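Pasted below: start38.txt, compact mmCIF, C-alpha atoms.
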# COMPACT_ATOMS: atom_id res chain seq x y z
CA MET A 1 0.00 0.00 0.00
CA ALA A 2 1.26 3.49 -0.73
CA VAL A 3 2.83 5.40 2.13
CA ALA A 4 0.50 8.07 3.50
CA GLY A 5 1.26 11.48 2.07
CA VAL A 6 3.31 10.13 -0.85
CA LEU A 7 0.94 8.80 -3.47
CA PRO A 8 -1.80 11.41 -2.79
CA ARG A 9 0.61 14.23 -3.75
CA TRP A 10 1.51 12.46 -6.99
CA LYS A 11 -2.16 11.72 -7.65
CA ALA A 12 -3.07 15.37 -7.09
CA ALA A 13 -0.43 16.51 -9.57
CA SER A 14 -1.53 13.90 -12.11
CA PHE A 15 -5.17 14.92 -11.71
CA LEU A 16 -4.28 18.56 -12.37
CA GLY A 17 -2.08 17.60 -15.32
CA VAL A 18 1.03 19.28 -13.92
CA ASP A 19 4.35 18.20 -12.45
CA GLU A 20 4.67 17.95 -8.68
CA VAL A 21 7.35 20.65 -8.61
CA TYR A 22 4.85 23.12 -10.11
CA ILE A 23 2.62 22.78 -7.04
CA TRP A 24 5.37 22.12 -4.51
CA PRO A 25 8.53 23.98 -5.67
CA ALA A 26 10.53 22.68 -2.72
CA VAL A 27 10.33 19.19 -4.20
CA GLN A 28 12.73 20.29 -6.95
CA LYS A 29 15.57 20.47 -4.42
CA GLN A 30 15.14 16.78 -3.68
CA ALA A 31 14.84 15.64 -7.27
CA GLU A 32 18.41 14.85 -8.24
CA SER A 33 19.35 12.89 -5.12
CA ALA A 34 15.92 11.30 -4.89
CA SER A 35 16.07 9.97 -8.44
CA THR A 36 19.19 7.94 -7.71
CA SER A 37 17.51 6.59 -4.57
CA GLU A 38 14.56 5.23 -6.55
CA LEU A 39 16.60 2.28 -7.81
CA ILE A 40 16.06 -0.50 -5.30
CA THR A 41 18.06 -3.18 -7.09
CA TYR A 42 19.16 -4.55 -10.44
CA TYR A 43 18.77 -8.11 -11.73
CA PRO A 44 20.96 -9.37 -14.60
CA HIS A 45 18.02 -11.20 -16.20
CA ARG A 46 14.32 -11.70 -15.51
CA GLY A 47 14.83 -15.17 -14.12
CA ALA A 48 16.95 -13.66 -11.34
CA VAL A 49 13.97 -11.73 -9.97
CA PRO A 50 12.88 -13.71 -6.89
CA ALA A 51 9.52 -15.42 -7.26
CA THR A 52 8.70 -14.14 -3.79
CA LEU A 53 9.12 -10.55 -4.99
CA TRP A 54 6.59 -10.98 -7.80
CA SER A 55 4.14 -12.62 -5.38
CA SER A 56 4.65 -9.94 -2.73
CA LEU A 57 4.19 -7.03 -5.13
CA ILE A 58 1.05 -8.59 -6.60
CA GLU A 59 -0.43 -9.35 -3.20
CA LYS A 60 0.32 -5.95 -1.63
CA ALA A 61 -0.87 -3.77 -4.52
CA ARG A 62 -4.10 -2.02 -3.66
CA ASP A 63 -4.51 1.03 -5.89
CA HIS A 64 -2.72 0.34 -9.17
CA VAL A 65 -1.56 -2.59 -11.24
CA ASP A 66 -0.24 -1.57 -14.67
CA ILE A 67 1.36 -4.08 -17.02
CA LEU A 68 2.85 -3.26 -20.43
CA VAL A 69 4.16 -6.27 -22.37
CA TYR A 70 4.03 -8.03 -25.67
CA ALA A 71 2.87 -11.23 -23.98
CA GLY A 72 4.03 -11.48 -20.34
CA LEU A 73 2.98 -15.12 -20.35
CA PHE A 74 5.57 -16.08 -17.71
CA LEU A 75 3.75 -13.99 -15.10
CA PHE A 76 0.43 -15.75 -15.62
CA ASP A 77 1.99 -19.19 -15.93
CA SER A 78 3.76 -18.73 -12.60
CA HIS A 79 0.74 -17.11 -10.90
CA PRO A 80 -2.31 -19.12 -12.00
CA ASP A 81 -4.57 -17.18 -9.62
CA LEU A 82 -3.48 -13.80 -10.98
CA PRO A 83 -6.65 -13.10 -13.01
CA ASP A 84 -8.77 -13.71 -9.90
CA GLN A 85 -6.43 -11.54 -7.83
CA LEU A 86 -6.69 -8.71 -10.34
CA ALA A 87 -10.48 -8.96 -10.32
CA GLU A 88 -10.53 -8.79 -6.52
CA LYS A 89 -8.32 -5.71 -6.51
CA ALA A 90 -10.63 -4.00 -8.99
CA LYS A 91 -13.69 -4.92 -6.91
CA ALA A 92 -11.98 -3.30 -3.92
CA GLY A 93 -11.55 -0.06 -5.85
CA GLY A 94 -8.16 -0.58 -7.46
CA GLN A 95 -7.31 0.18 -11.08
CA VAL A 96 -5.92 -2.60 -13.28
CA ARG A 97 -4.59 -1.71 -16.74
CA ILE A 98 -2.97 -4.32 -18.94
CA LEU A 99 -1.48 -3.65 -22.36
CA LEU A 100 -0.78 -6.70 -24.52
CA GLY A 101 0.82 -6.77 -27.91
CA ASP A 102 -1.70 -7.06 -30.73
CA PRO A 103 -0.94 -10.57 -32.03
CA ASP A 104 -1.96 -9.52 -35.54
CA SER A 105 0.30 -6.47 -35.61
CA GLU A 106 3.48 -5.99 -37.59
CA MET A 107 5.39 -5.01 -34.44
CA VAL A 108 4.64 -8.30 -32.70
CA ARG A 109 5.61 -10.21 -35.83
CA GLN A 110 8.85 -8.26 -36.10
CA ARG A 111 9.69 -8.68 -32.43
CA GLY A 112 9.07 -12.42 -32.70
CA GLU A 113 11.52 -12.61 -35.58
CA GLU A 114 14.11 -10.55 -33.68
CA GLU A 115 13.83 -12.85 -30.66
CA GLY A 116 14.19 -15.89 -32.89
CA ILE A 117 10.79 -17.32 -31.97
CA GLY A 118 8.77 -16.16 -34.97
CA GLY A 119 5.02 -16.55 -34.60
CA ASP A 120 5.36 -17.99 -31.10
CA LEU A 121 5.30 -14.48 -29.63
CA ALA A 122 1.89 -13.78 -31.14
CA ALA A 123 0.70 -17.15 -29.83
CA ARG A 124 1.90 -16.25 -26.33
CA ALA A 125 0.03 -12.95 -26.47
CA ARG A 126 -3.14 -14.82 -27.40
CA ILE A 127 -2.67 -17.27 -24.53
CA THR A 128 -2.21 -14.43 -22.04
CA ARG A 129 -5.39 -12.83 -23.34
CA ARG A 130 -7.17 -16.15 -22.82
CA TYR A 131 -5.89 -16.41 -19.26
CA LEU A 132 -7.25 -12.93 -18.52
CA GLU A 133 -10.79 -13.71 -19.66
CA PRO A 134 -12.16 -14.51 -16.17
CA ALA A 135 -11.23 -11.00 -15.01
CA LEU A 136 -12.45 -9.05 -18.02
CA THR A 137 -16.06 -8.76 -16.86
CA THR A 138 -14.97 -7.00 -13.67
CA PRO A 139 -15.27 -3.19 -13.79
CA GLY A 140 -11.84 -1.69 -13.18
CA VAL A 141 -9.96 -4.40 -15.08
CA ASP A 142 -9.10 -2.94 -18.48
CA VAL A 143 -7.14 -4.68 -21.22
CA ARG A 144 -5.95 -3.01 -24.40
CA LEU A 145 -3.92 -4.18 -27.36
CA HIS A 146 -0.98 -2.17 -28.65
CA ASP A 147 1.19 -2.22 -31.76
CA THR A 148 3.97 0.04 -30.50
CA ILE A 149 7.71 -0.56 -30.62
CA LEU A 150 8.19 -1.77 -27.04
CA TYR A 151 11.51 -0.67 -25.59
CA ASN A 152 10.69 -1.94 -22.10
CA SER A 153 8.20 -4.21 -20.44
CA ILE A 154 6.72 -2.40 -17.43
CA TYR A 155 5.16 -4.01 -14.34
CA ARG A 156 3.81 -1.44 -11.89
CA PHE A 157 2.36 -2.36 -8.48
CA ASP A 158 1.39 0.79 -6.55
CA ASP A 159 4.68 2.53 -5.69
CA ASP A 160 6.94 -0.18 -7.16
CA VAL A 161 7.76 -0.72 -10.81
CA LEU A 162 9.84 -3.44 -12.43
CA VAL A 163 11.29 -2.41 -15.79
CA ASN A 164 12.55 -5.10 -18.18
CA PRO A 165 14.52 -3.40 -21.01
CA HIS A 166 14.36 -5.07 -24.42
CA VAL A 167 17.66 -5.89 -26.09
CA LEU A 168 17.72 -6.42 -29.84
CA GLY A 169 18.10 -10.09 -30.69
CA ALA A 170 17.39 -11.41 -27.19
CA PRO A 171 14.13 -12.60 -25.60
CA ALA A 172 12.83 -10.40 -22.81
CA GLY A 173 13.52 -13.07 -20.21
CA GLN A 174 17.25 -12.86 -20.93
CA ASN A 175 17.40 -9.11 -20.36
CA PRO A 176 18.00 -7.14 -17.15
CA VAL A 177 15.27 -6.03 -14.76
CA LEU A 178 15.42 -2.83 -12.71
CA HIS A 179 13.30 -2.35 -9.60
CA PHE A 180 12.33 1.26 -8.86
CA ARG A 181 10.25 2.64 -6.00
CA TYR A 182 8.47 5.98 -6.16
CA ILE A 183 9.98 8.87 -4.19
CA PRO A 184 8.38 12.36 -4.20
CA GLY A 185 10.19 14.70 -6.55
CA ALA A 186 12.22 11.95 -8.18
CA ARG A 187 12.04 11.39 -11.90
CA THR A 188 12.49 7.75 -12.89
CA PHE A 189 9.26 6.16 -11.63
CA ARG A 190 7.19 8.96 -13.15
CA HIS A 191 9.21 8.80 -16.36
CA TYR A 192 8.33 5.17 -16.94
CA MET A 193 4.71 5.69 -15.97
CA ARG A 194 4.42 8.51 -18.50
CA SER A 195 5.66 6.02 -21.06
CA PHE A 196 3.01 3.56 -19.95
CA ASP A 197 0.29 6.22 -20.19
CA TYR A 198 1.48 7.15 -23.67
CA ALA A 199 1.18 3.53 -24.80
CA TRP A 200 -2.16 3.20 -23.03
CA GLU A 201 -3.64 6.12 -24.90
CA ARG A 202 -2.46 4.65 -28.19
CA GLY A 203 -3.80 1.17 -27.42
CA ARG A 204 -7.18 -0.07 -28.51
CA SER A 205 -9.81 -1.54 -26.24
CA GLU A 206 -10.85 -5.12 -26.60
Take the structure from the file and write it as structure tokens.
Amino acid sequence: MAVAGVLPRWKAASFLGVDEVYIWPAVQKQAESASTSELITYYPHRGAVPATLWSSLIEKARDHVDILVYAGLFLFDSHPDLPDQLAEKAKAGGQVRILLGDPDSEMVRQRGEEEGIGGDLAARARITRRYLEPALTTPGVDVRLHDTILYNSIYRFDDDVLVNPHVLGAPAGQNPVLHFRYIPGARTFRHYMRSFDYAWERGRSE
């Protein structure tokens, strides 16, 4: 759950469509040092992320779960109850936004070729969409398809975000993962969430 007094300030700024430092100028003084403090840890590849961390972040998230992937099938394979968990979070007032690669898009086809798995990437995206079906009738669970060039997979759980950069010629699972935690006035968490919002606005609803 977000720390009291932290997320509300960010929410207020987001609601008004301005940066936090516009409303609270003193935050600017913290920005440079705070941004370096946002990085909790670095994993050399996705498999190095502890399974307990994924489970803990999923379980503790109350307000926001945002996922931007081409397929993200590993997450649903390793957490078979995830669709039900997402539905429960939405029923409790949380917001769940999931962006999957459009399996019929040129970008997914191209990424599959670059990873050396061809049409398997599109198939994985379709399987993830199938897994999500039990949650799709729950208000607050929103799934969109995107056809953007995806530079990072993003997994946001309230104030924590895991960023999995994409490296040309390598599957996402072989690439590093960075764990950031939101700090008022810092830049990195908000930077990645702006990227998510940009992709979200360009995505199309199911």
| request: Name the residues in contact with range 83-100 of chain A at a cut-off of 6 Å, using all atoms listed in the file, excluding same-chain residues fewer than 6 positions from it; report them as number ranges by chain. | output: A: 62-71, 132, 135, 138, 140-145
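The gap separating CA of Pro171 in chain A from CA of Leu57 in chain A is 23.4 Å, in Å to one decimal.
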| task | Could you please determine the separation between CA of Leu121 in chain A and CA of Ser153 in chain A in Å, to one decimal place? | result |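 Rounded to one decimal, the two atoms are 14.1 Å apart.
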| field | Shell around Tyr43 in chain A at 6 Å using all atoms listed in the file, local window under 5 positions removed, as a PyMOL selection string | value | chain A and resi 48+176-177
| field | Distance criterion (all atoms listed in the file): nearest to Gly118 in chain A out of A:Asp158, A:Glu106, A:Glu133, A:Asp77 | value |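 The answer is A:Glu106, which sits nearest to Gly118 in chain A.
Using only C-alpha atoms, the shortest contact distance between Tyr198 in chain A and any of A:Ser37, A:Ser105, A:Thr148, A:Thr52 is found at A:Thr148.
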| message | So that I can see what lies close to Ala172 in chain A, please list as a PyMOL selection string the residues with an atom at most 9 Å from it, counting all atoms listed in the file and leaving out residues fewer than 3 positions away in the same chain. | response | chain A and resi 45-46+115+152-153+164-167+175-176
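Distances to Phe74 in chain A were evaluated for A:Lys60, A:His179, A:Arg124, A:Arg130 using all atoms listed in the file, and the minimum falls at A:Arg124.
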| task | Could you tell me how far CA of His191 in chain A lies from CA of Glu38 in chain A, in Å and to one decimal? | result | 11.7 Å
| request: Measuring atom to atom with all atoms listed in the file, identify which of A:Arg187, A:Arg109, A:His146, A:Arg181 is nearest to Arg204 in chain A. | output: A:His146
| said: Taking 5 positions as the minimum chain separation for residues in the same chain, which residues sit within 9 Å of Gly116 in chain A when counting all atoms listed in the file? Answer as a PyMOL selection string. | reply: chain A and resi 111+169-171
| message | I'd like to know which of A:Ser78, A:Gln110, A:Thr137, A:Thr188 is closest to Glu206 in chain A, using only C-alpha atoms. | response |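 Ranking A:Ser78, A:Gln110, A:Thr137, A:Thr188 by distance to Glu206 in chain A, first place goes to A:Thr137.
With distances restricted to all atoms listed in the file, A:Val163 is the closest residue to Tyr192 in chain A from A:Ala122, A:Val163, A:Leu168, A:Leu82.
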